$ cat query.txt   # compact mmCIF, C-alpha atoms
# COMPACT_ATOMS: atom_id res chain seq x y z
CA MET C 28 -108.51 -16.48 24.49
CA SER C 29 -108.18 -13.15 26.29
CA GLU C 30 -109.38 -11.41 23.15
CA LEU C 31 -112.40 -13.63 22.79
CA TYR C 32 -113.69 -14.27 26.31
CA TYR C 33 -111.87 -11.46 28.12
CA MET C 34 -110.03 -13.96 30.27
CA ARG C 35 -106.40 -13.48 31.21
CA ARG C 36 -105.73 -17.22 31.31
CA LEU C 37 -107.38 -20.20 29.70
CA ASP C 38 -107.87 -21.93 33.07
CA GLU C 39 -110.07 -19.06 34.22
CA LEU C 40 -112.72 -20.25 31.78
CA PRO C 41 -115.39 -22.65 33.02
CA GLU C 42 -114.93 -26.16 31.62
CA VAL C 43 -118.22 -25.95 29.75
CA LEU C 44 -119.90 -22.79 28.52
CA PRO C 45 -123.58 -22.34 27.73
CA PRO C 46 -124.57 -22.23 24.04
CA HIS C 47 -123.76 -18.86 22.52
CA ALA C 48 -122.85 -17.32 19.20
CA LEU C 49 -119.16 -16.54 18.78
CA TRP C 50 -119.80 -12.79 18.62
CA GLN C 51 -121.36 -13.01 22.10
CA ALA C 52 -118.23 -14.52 23.66
CA PRO C 53 -116.82 -11.20 24.99
CA LEU C 54 -120.13 -10.55 26.76
CA LEU C 55 -120.38 -13.94 28.38
CA LEU C 56 -118.36 -13.71 31.57
CA PRO C 57 -118.42 -10.17 32.97
CA ARG C 58 -115.80 -9.47 35.65
CA ARG C 59 -117.15 -6.11 36.78
CA PRO C 60 -120.73 -5.86 35.52
CA ASP C 61 -121.12 -2.29 36.82
CA ASP C 62 -118.00 -0.97 35.10
CA LEU C 63 -119.39 0.93 32.12
CA ASP C 64 -116.00 1.27 30.42
CA GLU C 65 -115.48 -2.48 30.51
CA ARG C 66 -119.04 -2.98 29.32
CA ARG C 67 -118.53 -0.69 26.34
CA SER C 68 -115.21 -2.28 25.48
CA ARG C 69 -116.80 -5.74 25.50
CA ILE C 70 -119.67 -4.55 23.33
CA GLU C 71 -117.19 -3.09 20.84
CA ARG C 72 -115.32 -6.37 20.67
CA ALA C 73 -118.53 -8.38 20.34
CA CYS C 74 -119.71 -6.26 17.47
CA THR C 75 -116.35 -6.48 15.70
CA LEU C 76 -116.70 -10.24 15.85
CA TRP C 77 -120.25 -9.94 14.53
CA LEU C 78 -119.13 -7.73 11.66
CA GLU C 79 -116.45 -10.23 10.72
CA ASN C 80 -119.23 -12.84 10.70
CA PHE C 81 -117.54 -15.68 12.50
CA ASP C 82 -121.04 -17.09 12.99
CA LEU C 83 -121.84 -17.22 9.26
CA SER C 84 -125.06 -15.29 9.71
CA THR C 85 -127.09 -13.93 6.80
CA SER C 86 -128.38 -10.91 8.74
CA THR C 87 -127.07 -7.47 7.85
CA VAL C 88 -127.94 -5.44 10.95
CA LEU C 89 -127.26 -6.09 14.62
CA MET C 90 -129.17 -4.03 17.19
CA LEU C 91 -127.86 -4.26 20.72
CA LEU C 92 -129.70 -2.51 23.55
CA ASP C 93 -128.08 -1.98 26.92
CA GLU C 94 -131.08 -1.69 29.19
CA THR C 95 -128.92 -0.37 32.03
CA THR C 96 -127.66 2.67 30.16
CA GLY C 97 -130.46 2.93 27.59
CA GLU C 98 -127.80 2.95 24.90
CA LEU C 99 -128.67 1.35 21.58
CA THR C 100 -125.81 0.28 19.30
CA MET C 101 -126.47 -0.76 15.73
CA PHE C 102 -124.04 -2.39 13.36
CA GLN C 103 -124.43 -2.66 9.62
CA ARG C 104 -122.61 -5.17 7.46
CA PRO C 105 -121.30 -3.89 4.14
CA LEU C 106 -123.95 -4.16 1.47
CA GLU C 107 -121.95 -2.92 -1.45
CA ARG C 108 -118.35 -2.73 -2.44
CA ALA C 109 -116.01 -2.70 0.54
CA GLY C 110 -115.11 0.78 1.62
CA HIS C 111 -118.58 2.03 0.85
CA GLY C 112 -120.82 1.99 3.90
CA HIS C 113 -119.00 -0.76 5.69
CA ARG C 114 -118.56 -0.99 9.44
CA CYS C 115 -121.36 1.43 10.04
CA VAL C 116 -121.83 1.88 13.76
CA VAL C 117 -124.58 4.00 15.25
CA ARG C 118 -125.00 4.75 18.95
CA VAL C 119 -128.14 6.38 20.26
CA SER C 120 -128.47 7.19 23.95
CA GLY C 121 -131.73 7.05 25.83
CA SER C 122 -133.37 4.75 23.31
CA VAL C 123 -136.65 3.08 24.09
CA LEU C 124 -137.64 0.09 22.00
CA PRO C 125 -140.99 -1.68 22.10
CA GLU C 126 -140.94 -4.37 24.78
CA GLY C 127 -140.53 -7.93 23.57
CA GLU C 128 -138.97 -7.16 20.19
CA LEU C 129 -135.41 -7.94 21.15
CA ALA C 130 -134.05 -11.28 22.35
CA PRO C 131 -132.30 -11.39 25.73
CA GLY C 132 -128.55 -11.94 25.40
CA PRO C 133 -125.53 -12.24 27.65
CA TYR C 134 -124.55 -9.44 30.07
CA GLY C 135 -128.17 -8.39 30.51
CA LEU C 136 -128.20 -6.97 27.00
CA VAL C 137 -130.95 -7.52 24.50
CA PHE C 138 -130.30 -7.87 20.80
CA GLU C 139 -131.86 -8.45 17.44
CA GLU C 140 -130.31 -9.47 14.13
CA LEU C 141 -132.21 -8.56 10.99
CA ILE C 142 -131.86 -8.07 7.27
CA GLY C 143 -131.96 -4.44 6.21
CA ASP C 144 -130.06 -1.28 5.39
CA LEU C 145 -129.91 1.34 8.13
CA ARG C 146 -128.88 4.04 5.69
CA THR C 147 -132.15 3.80 3.83
CA SER C 148 -134.47 2.71 6.61
CA MET C 149 -133.16 5.14 9.26
CA PRO C 150 -131.35 7.92 7.38
CA HIS C 151 -131.84 10.37 10.24
CA LEU C 152 -129.39 8.32 12.31
CA PHE C 153 -126.64 9.28 9.91
CA ASP C 154 -127.18 12.98 10.35
CA ARG C 155 -124.17 14.20 12.34
CA SER C 156 -125.95 17.42 13.24
CA ARG C 157 -128.27 15.42 15.48
CA GLY C 158 -125.33 14.49 17.68
CA HIS C 159 -125.36 10.73 17.22
CA ASP C 160 -122.07 8.94 17.63
CA TYR C 161 -121.28 6.89 14.59
CA ALA C 162 -118.26 5.60 12.70
CA MET N 13 -88.26 -34.07 -5.51
CA ILE N 14 -91.77 -34.60 -6.88
CA THR N 15 -92.39 -33.93 -10.54
CA HIS N 16 -95.53 -33.40 -12.56
CA ALA N 17 -95.83 -33.29 -16.30
CA PRO N 18 -96.63 -31.40 -18.37
CA TYR N 19 -95.29 -28.32 -16.63
CA SER N 20 -97.63 -25.35 -16.43
CA PRO N 21 -96.93 -22.04 -14.71
CA THR N 22 -98.33 -21.41 -11.25
CA GLU N 23 -101.01 -18.71 -11.09
CA VAL N 24 -100.30 -16.17 -8.38
CA THR N 25 -103.27 -14.40 -6.85
CA LEU N 26 -104.55 -13.11 -3.53
CA SER N 27 -107.25 -13.58 -0.96
CA ILE N 28 -109.40 -10.63 -0.03
CA ASN N 29 -111.94 -10.10 2.68
CA ASN N 30 -114.65 -7.55 3.03
CA LEU N 31 -113.11 -5.57 5.85
CA THR N 32 -110.69 -3.66 3.67
CA ASP N 33 -111.27 -1.09 1.00
CA PHE N 34 -110.94 -2.82 -2.36
CA ASP N 35 -108.99 0.15 -3.69
CA LEU N 36 -106.03 -1.05 -1.63
CA TYR N 37 -106.02 -4.38 -3.49
CA ALA N 38 -106.50 -2.73 -6.88
CA GLU N 39 -103.53 -0.45 -6.26
CA ALA N 40 -101.38 -3.31 -5.00
CA LEU N 41 -102.25 -5.41 -8.06
CA ALA N 42 -101.41 -2.52 -10.36
CA ARG N 43 -98.10 -1.99 -8.62
CA ALA N 44 -97.34 -5.69 -9.02
CA GLY N 45 -97.83 -5.39 -12.78
CA ARG N 46 -101.36 -6.76 -13.02
CA ARG N 47 -103.29 -3.68 -14.09
CA GLY N 48 -105.61 -4.05 -11.11
CA ARG N 49 -106.95 -7.48 -12.03
CA VAL N 50 -106.11 -11.13 -11.46
CA PRO N 51 -107.33 -14.25 -13.32
CA PHE N 52 -109.19 -15.27 -10.21
CA VAL N 53 -109.55 -13.96 -6.71
CA GLU N 54 -110.21 -15.91 -3.56
CA ILE N 55 -112.60 -14.44 -1.02
CA LEU N 56 -113.23 -15.34 2.58
CA TRP N 57 -116.86 -16.28 2.05
CA ASP N 58 -117.71 -15.76 5.73
CA ASN N 59 -117.49 -12.00 5.17
CA TYR N 60 -119.75 -12.01 2.11
CA LEU N 61 -122.45 -14.58 2.66
CA HIS N 62 -125.02 -11.97 3.70
CA LEU N 63 -124.91 -10.60 0.14
CA SER N 64 -126.96 -12.13 -2.65
CA PRO N 65 -124.77 -14.03 -5.13
CA LYS N 66 -125.67 -11.46 -7.77
CA GLN N 67 -124.50 -8.59 -5.53
CA LEU N 68 -121.36 -10.53 -4.79
CA ALA N 69 -120.62 -11.06 -8.49
CA GLU N 70 -121.02 -7.32 -9.10
CA THR N 71 -118.72 -6.54 -6.17
CA LEU N 72 -115.94 -8.75 -7.47
CA GLU N 73 -116.24 -8.13 -11.18
CA PRO N 74 -113.76 -5.20 -11.24
CA VAL N 75 -111.09 -7.33 -9.55
CA ALA N 76 -111.17 -10.70 -11.32
CA ASP N 77 -112.83 -12.87 -13.95
CA ARG N 78 -113.49 -15.74 -11.58
CA VAL N 79 -113.84 -16.27 -7.87
CA ALA N 80 -112.84 -18.98 -5.43
CA LEU N 81 -114.76 -19.32 -2.17
CA HIS N 82 -112.83 -19.99 1.03
CA ILE N 83 -114.70 -20.74 4.25
CA MET N 84 -113.14 -20.37 7.69
CA TRP N 85 -115.79 -20.73 10.38
CA SER N 86 -118.18 -23.43 9.20
CA GLY N 87 -116.69 -25.84 11.75
CA PHE N 88 -118.28 -28.45 9.54
CA VAL N 89 -116.77 -31.50 11.20
CA HIS N 90 -118.29 -30.81 14.63
CA SER N 91 -121.07 -28.35 13.78
CA ASP N 92 -124.57 -29.25 14.90
CA GLU N 93 -126.89 -30.45 12.16
CA GLU N 94 -129.10 -27.38 12.05
CA ARG N 95 -126.24 -24.91 11.72
CA LEU N 96 -124.43 -27.00 9.14
CA GLU N 97 -127.54 -27.31 7.00
CA ARG N 98 -128.16 -23.55 7.18
CA VAL N 99 -124.59 -22.80 6.08
CA LEU N 100 -124.56 -25.37 3.28
CA GLU N 101 -127.91 -24.20 1.95
CA ARG N 102 -126.62 -20.63 1.69
CA LEU N 103 -123.31 -21.73 0.22
CA ALA N 104 -125.08 -23.86 -2.39
CA GLU N 105 -127.00 -20.77 -3.57
CA HIS N 106 -123.73 -18.89 -4.05
CA VAL N 107 -121.99 -21.80 -5.76
CA ASP N 108 -124.91 -22.23 -8.14
CA VAL N 109 -124.76 -18.62 -9.33
CA LEU N 110 -121.05 -17.84 -9.06
CA GLN N 111 -119.70 -21.17 -10.35
CA PRO N 112 -116.49 -20.68 -8.35
CA LEU N 113 -113.16 -22.01 -9.47
CA TYR N 114 -113.05 -23.96 -6.21
CA VAL N 115 -114.65 -24.10 -2.78
CA SER N 116 -112.40 -24.70 0.20
CA ASP N 117 -112.78 -25.18 3.93
CA HIS N 118 -110.51 -26.08 6.85
CA LEU N 119 -109.52 -29.31 8.54
CA THR N 120 -109.91 -27.80 12.01
CA ARG N 121 -111.92 -27.85 15.19
CA THR N 122 -113.47 -24.47 16.05
CA ILE N 123 -115.56 -25.27 19.12
CA ARG N 124 -115.12 -27.55 22.14
CA HIS N 125 -117.44 -27.88 25.18
CA GLY N 126 -119.27 -24.76 24.06
CA ARG N 127 -116.06 -22.71 23.89
CA TYR N 128 -115.00 -21.20 20.61
CA LEU N 129 -111.37 -21.77 19.80
CA THR N 130 -109.22 -19.00 18.41
CA PRO N 131 -107.06 -20.06 16.80
CA PRO N 132 -108.85 -23.29 15.88
CA GLU N 133 -107.34 -26.59 17.02
CA ASP N 134 -106.23 -29.72 15.23
CA LEU N 135 -108.86 -32.37 14.72
CA ASP N 136 -108.37 -35.67 16.51
CA TYR N 137 -106.63 -37.47 13.68
CA GLU N 138 -107.63 -40.92 14.94
CA ARG N 139 -111.16 -40.45 16.25
CA ASP N 140 -112.46 -37.92 13.71
CA ARG N 141 -111.78 -39.93 10.53
CA ASP N 142 -115.20 -41.44 9.88
CA ARG N 143 -117.08 -38.33 11.00
CA THR N 144 -114.96 -36.11 8.76
CA CYS N 145 -115.52 -38.38 5.76
CA GLU N 146 -119.25 -38.42 6.37
CA ARG N 147 -119.41 -34.63 6.65
CA VAL N 148 -117.20 -34.04 3.58
CA LEU N 149 -119.41 -36.30 1.49
CA ARG N 150 -122.49 -34.42 2.66
CA TYR N 151 -120.80 -31.06 2.06
CA GLN N 152 -119.92 -32.02 -1.52
CA GLU N 153 -123.34 -33.45 -2.25
CA ARG N 154 -124.98 -30.26 -0.98
CA ILE N 155 -122.82 -27.79 -2.96
CA GLY N 156 -122.58 -30.00 -6.05
CA CYS N 157 -118.82 -29.80 -6.49
CA PRO N 158 -115.64 -31.17 -4.93
CA LEU N 159 -114.45 -29.52 -1.74
CA LEU N 160 -110.81 -28.60 -1.11
CA LEU N 161 -109.55 -28.93 2.45
CA GLU N 162 -106.84 -26.72 3.93
CA ASN N 163 -104.24 -28.15 6.28
CA GLN N 164 -104.00 -26.80 9.80
CA ALA N 165 -101.08 -24.80 11.21
CA SER N 166 -100.69 -27.23 14.11
CA GLU N 167 -99.60 -25.68 17.37
CA GLY N 168 -98.08 -28.78 18.95
CA PRO N 169 -97.50 -32.52 18.71
CA GLU N 170 -101.25 -33.11 18.59
CA GLY N 171 -100.82 -32.17 14.93
CA ARG N 172 -98.91 -35.36 14.14
CA GLY N 173 -100.77 -37.59 11.74
CA GLN N 174 -102.48 -34.72 9.92
CA ALA N 175 -100.96 -35.48 6.52
CA ASP N 176 -101.93 -39.14 6.71
CA PHE N 177 -105.43 -38.14 7.86
CA ALA N 178 -105.85 -35.67 5.01
CA THR N 179 -104.64 -38.24 2.48
CA GLU N 180 -107.20 -40.73 3.71
CA ILE N 181 -110.05 -38.18 3.63
CA VAL N 182 -109.12 -37.26 0.05
CA ARG N 183 -109.03 -40.93 -0.96
CA ARG N 184 -112.34 -41.83 0.70
CA THR N 185 -114.37 -38.80 -0.37
CA GLY N 186 -112.87 -37.59 -3.65
CA CYS N 187 -112.27 -34.15 -2.17
CA GLY N 188 -109.01 -32.27 -2.79
CA LEU N 189 -106.26 -30.60 -0.83
CA LEU N 190 -105.83 -26.85 -0.51
CA PHE N 191 -102.22 -26.92 0.58
CA ASP N 192 -101.21 -24.06 2.82
CA VAL N 193 -97.44 -24.02 2.42
CA SER N 194 -96.85 -21.76 5.41
CA ASN N 195 -99.16 -23.80 7.64
CA ALA N 196 -97.14 -26.92 6.86
CA ILE N 197 -93.94 -25.10 7.85
CA VAL N 198 -95.52 -23.78 11.04
CA ALA N 199 -96.78 -27.26 11.93
CA GLU N 200 -93.33 -28.79 11.47
CA SER N 201 -91.72 -26.11 13.63
CA ASN N 202 -94.31 -26.74 16.36
CA ASP N 203 -93.61 -30.51 16.51
CA GLY N 204 -96.49 -31.43 14.22
CA ASP N 205 -96.01 -33.34 10.97
CA PRO N 206 -92.77 -32.68 9.08
CA PHE N 207 -93.21 -30.85 5.77
CA SER N 208 -92.04 -33.98 3.96
CA ALA N 209 -95.10 -35.88 5.27
CA TRP N 210 -97.17 -33.95 2.72
CA LEU N 211 -95.08 -34.94 -0.29
CA PRO N 212 -97.00 -38.18 -1.06
CA ALA N 213 -100.26 -36.21 -1.13
CA LEU N 214 -98.69 -33.49 -3.27
CA ALA N 215 -97.34 -36.09 -5.69
CA GLN N 216 -100.92 -37.02 -6.65
CA GLY N 217 -101.21 -33.93 -8.87
CA PRO N 218 -100.84 -30.14 -8.90
CA VAL N 219 -102.70 -28.45 -6.05
CA ARG N 220 -104.18 -25.09 -5.22
CA ALA N 221 -102.13 -23.49 -2.45
CA HIS N 222 -102.03 -20.71 0.13
CA VAL N 223 -99.17 -18.78 1.65
CA GLY N 224 -99.17 -16.31 4.51
CA GLY N 225 -96.92 -14.85 7.15
CA TYR N 226 -96.33 -16.24 10.63
CA ARG N 227 -94.50 -15.19 13.76
CA PRO N 228 -93.33 -16.69 17.07
CA ASP N 229 -95.80 -16.43 19.93
CA GLU N 230 -94.52 -14.10 22.65
CA GLU N 231 -95.40 -16.52 25.45
CA ASP N 232 -94.44 -20.00 24.28
CA GLY N 233 -92.24 -19.30 21.24
CA HIS N 234 -94.36 -21.53 18.99
CA LEU N 235 -94.99 -20.22 15.52
CA ARG N 236 -98.46 -18.78 14.91
CA ASP N 237 -100.14 -18.24 11.57
CA SER N 238 -100.50 -14.43 11.52
CA HIS N 239 -101.36 -13.45 7.94
CA GLY N 240 -99.71 -10.17 8.79
CA ASP N 241 -95.98 -10.78 8.51
CA PRO N 242 -93.69 -11.09 5.49
CA LEU N 243 -93.48 -14.52 3.86
CA SER N 244 -90.60 -16.38 5.48
CA PRO N 245 -87.53 -17.66 3.63
CA ALA N 246 -88.69 -21.22 4.40
CA THR N 247 -92.06 -20.50 2.79
CA MET N 248 -90.45 -18.98 -0.28
CA HIS N 249 -88.05 -21.90 -0.61
CA ALA N 250 -90.94 -24.40 -0.43
CA VAL N 251 -92.97 -22.42 -2.98
CA GLN N 252 -90.03 -22.37 -5.35
CA MET N 253 -89.47 -26.10 -4.96
CA LEU N 254 -93.13 -27.04 -5.43
CA SER N 255 -93.62 -24.69 -8.34
CA ALA N 256 -90.48 -25.88 -10.12
CA SER N 257 -91.77 -29.43 -9.88
CA GLY N 258 -95.10 -28.43 -11.42
CA GLY N 259 -96.87 -29.19 -8.16
CA LEU N 260 -98.71 -25.87 -7.76
CA ARG N 261 -101.68 -24.95 -9.95
CA SER N 262 -102.15 -21.67 -8.15
CA ILE N 263 -100.91 -19.89 -5.08
CA CYS N 264 -102.94 -17.42 -3.13
CA LEU N 265 -101.43 -14.80 -0.84
CA GLU N 266 -103.31 -14.36 2.45
CA ARG N 267 -102.63 -11.00 4.08
CA GLU N 268 -105.18 -9.94 6.67
CA SER N 269 -103.30 -7.57 8.94
CA ASN N 270 -100.55 -4.98 8.48
CA LYS N 271 -102.09 -4.58 5.04
CA THR N 272 -100.54 -1.91 2.89
CA VAL N 273 -100.27 -1.47 -0.86
CA ASP N 274 -96.49 -1.81 -0.64
CA ALA N 275 -96.60 -4.98 1.47
CA ILE N 276 -99.11 -6.78 -0.77
CA ALA N 277 -97.39 -5.72 -3.99
CA GLU N 278 -93.98 -6.76 -2.70
CA GLU N 279 -95.22 -10.20 -1.67
CA LEU N 280 -96.91 -10.75 -5.03
CA LEU N 281 -93.67 -9.87 -6.79
CA ARG N 282 -91.72 -12.25 -4.56
CA LEU N 283 -94.20 -15.01 -5.40
CA ASP N 284 -93.85 -14.19 -9.12
CA ALA N 285 -90.13 -14.59 -8.77
CA ALA N 286 -90.45 -17.86 -6.88
CA THR N 287 -92.90 -19.38 -9.33
CA HIS N 288 -91.63 -18.15 -12.68
CA GLY N 289 -87.95 -17.53 -11.96
CA PRO N 290 -85.86 -14.36 -11.64
CA ARG N 291 -86.38 -13.33 -15.26
CA ALA N 292 -90.15 -13.20 -14.80
CA HIS N 293 -89.53 -11.21 -11.65
CA ASP N 294 -87.42 -8.68 -13.58
CA GLN N 295 -90.12 -8.39 -16.24
CA VAL N 296 -92.81 -7.86 -13.68
CA GLU N 297 -90.73 -5.29 -11.85
CA GLY N 298 -90.13 -3.56 -15.17
CA GLN N 299 -93.87 -3.40 -15.80
CA ALA N 300 -94.45 -2.10 -12.33
CA ARG N 301 -92.07 0.81 -12.95
CA VAL N 302 -93.76 1.88 -16.18
$ encode --input "query.txt" --output "structure tokens"
Amino acid sequence: MSELYYMRRLDELPEVLPPHALWQAPLLLPRRPDDLDERRSRIERACTLWLENFDLSTSTVLMLLDETTGELTMFQRPLERAGHGHRCVVRVSGSVLPEGELAPGPYGLVFEELIGDLRTSMPHLFDRSRGHDYA
Amino acid sequence: MITHAPYSPTEVTLSINNLTDFDLYAEALARAGRRGRVPFVEILWDNYLHLSPKQLAETLEPVADRVALHIMWSGFVHSDEERLERVLERLAEHVDVLQPLYVSDHLTRTIRHGRYLTPPEDLDYERDRDRTCERVLRYQERIGCPLLLENQASEGPEGRGQADFATEIVRRTGCGLLFDVSNAIVAESNDGDPFSAWLPALAQGPVRAHVGGYRPDEEDGHLRDSHGDPLSPATMHAVQMLSASGGLRSICLERESNKTVDAIAEELLRLDAATHGPRAHDQVEGQARV
């Protein structure tokens, strides 16, 4: 449970939780909302859960915008043979997205799931020389 | 001892998911004397459902002739209608194109009061009978083929009654059992059903099976299904017994953590030895050295 909801003990969890996708579980109950390290760690965990597709979603891209830091994180599910373009993670700081395009999510984050291929639709994001952080 | 006739050898294969480079599996298969291919491969469908069935077929073609689809997180017994329909619609598309050897899901509960459960819990083996039957029938109707159901690695006495429950679901719906040998051993160790409770169900005919590693939980000492530890002596003994009796059509190795070429190859060779006897093991080892 600590891995999923970031709770040390099961009894710390509320009896009933609001509806959420499983990948959103780490973002649901922030302990220190202003702690950016904790925030990043929770986002990492959430996106790992999304990549593993516990929610059985057909989307191939997750865009997660932290409006506090202006940091946009995008995750790409593998589209080909494993080991080729899988677990693609792109972080872009200071991003501005058109208002209203992303759905509000837990932790004050906004997100959008869509079907696409970041490597073909946004190839510039994969250019290391531009200083983007990706894995 | 249960016996089935006529005797046919148990197929040994493995489960793969999309979060590992396939080259690792190909190398492990080659090292285990299989020239990089198996007669069929089981995939965790959850990790692949975003692909079109055609893409998926192309992805798997280098590894195996046929595919089996295993689903972990459908939560089909307690899922809301809308989600279940969405999942089954997508699965039906894949089944239609891929014509899998089998489709399997889990007899588990994955969500309670809005909380996701990791690991999933046992179903309520008294109250969930009718609901499970109704959902299995719908599942099968939607995908157009029988469903196999995997037994749960019960974590406590709430797991008692699982074998009887599963037997009844199979009888009432015409579905089958995907017997996870290691899960049955874990459940017995954790005060769930004894392994022997499954023997009447296994006596109905040869089954498809899973094996995986487990380890004691650091806090409560209960065994936990880990899919990352070596197959235990108890698992290997049970595999040998079931295979010798003709009770296993196939056995699929699940290894999802601590994955290395050596670890996967070694486990496949151990399963070869347990299902075909020491001579087959020697032959396979000989091939692997060539």
$ interface_residues --input "query.txt" --of "chain N" --to "chain C" --cutoff "10 Å" --atoms "all atoms listed in the file" --output "short mmCIF file (atom, residue, chain, number, x, y, z; two decimals) with C-alpha atoms, in the frame of the given file"
data_model
loop_
_atom_site.label_atom_id
_atom_site.label_comp_id
_atom_site.auth_asym_id
_atom_site.auth_seq_id
_atom_site.Cartn_x
_atom_site.Cartn_y
_atom_site.Cartn_z
CA ASN N 29 -111.94 -10.10 2.68
CA ASN N 30 -114.65 -7.55 3.03
CA LEU N 31 -113.11 -5.57 5.85
CA THR N 32 -110.69 -3.66 3.67
CA ASP N 33 -111.27 -1.09 1.00
CA PHE N 34 -110.94 -2.82 -2.36
CA ASP N 35 -108.99 0.15 -3.69
CA LEU N 36 -106.03 -1.05 -1.63
CA TRP N 57 -116.86 -16.28 2.05
CA ASP N 58 -117.71 -15.76 5.73
CA ASN N 59 -117.49 -12.00 5.17
CA TYR N 60 -119.75 -12.01 2.11
CA LEU N 61 -122.45 -14.58 2.66
CA HIS N 62 -125.02 -11.97 3.70
CA LEU N 63 -124.91 -10.60 0.14
CA SER N 64 -126.96 -12.13 -2.65
CA GLN N 67 -124.50 -8.59 -5.53
CA LEU N 68 -121.36 -10.53 -4.79
CA GLU N 70 -121.02 -7.32 -9.10
CA THR N 71 -118.72 -6.54 -6.17
CA LEU N 72 -115.94 -8.75 -7.47
CA ILE N 83 -114.70 -20.74 4.25
CA MET N 84 -113.14 -20.37 7.69
CA TRP N 85 -115.79 -20.73 10.38
CA SER N 86 -118.18 -23.43 9.20
CA GLY N 87 -116.69 -25.84 11.75
CA ARG N 95 -126.24 -24.91 11.72
CA ARG N 98 -128.16 -23.55 7.18
CA VAL N 99 -124.59 -22.80 6.08
CA ARG N 102 -126.62 -20.63 1.69
CA ILE N 123 -115.56 -25.27 19.12
CA ARG N 124 -115.12 -27.55 22.14
CA HIS N 125 -117.44 -27.88 25.18
CA GLY N 126 -119.27 -24.76 24.06
CA ARG N 127 -116.06 -22.71 23.89
CA TYR N 128 -115.00 -21.20 20.61
CA LEU N 129 -111.37 -21.77 19.80
CA THR N 130 -109.22 -19.00 18.41
CA PRO N 131 -107.06 -20.06 16.80
#
$ residues_around --input "query.txt" --residues "Pro74 in chain N" --least-positions-apart "6" --cutoff "12 Å" --atoms "all atoms listed in the file" --output "VMD selection string"
(chain C and resid 108) or (chain N and resid 34 to 35 37 to 38 41 47 to 53 68)
$ atom_distance --input "query.txt" --atom1 "CA of His106 in chain N" --atom2 "CA of Gly156 in chain N"
11.3 Å
$ atom_distance --input "query.txt" --atom1 "CA of Glu200 in chain N" --atom2 "CA of Gly168 in chain N"
8.9 Å
$ closest_residue --input "query.txt" --among "N:Glu278, N:Glu54, N:Glu162, N:Asp108" --to "Cys264 in chain N" --atoms "all atoms listed in the file"
N:Glu54
$ atom_distance --input "query.txt" --atom1 "CA of Arg141 in chain N" --atom2 "CA of Gly204 in chain N"
17.9 Å
$ closest_residue --input "query.txt" --among "N:Gln216, N:Ser269, N:Asn202, N:Ser262" --to "Leu235 in chain N" --atoms "all atoms listed in the file"
N:Asn202
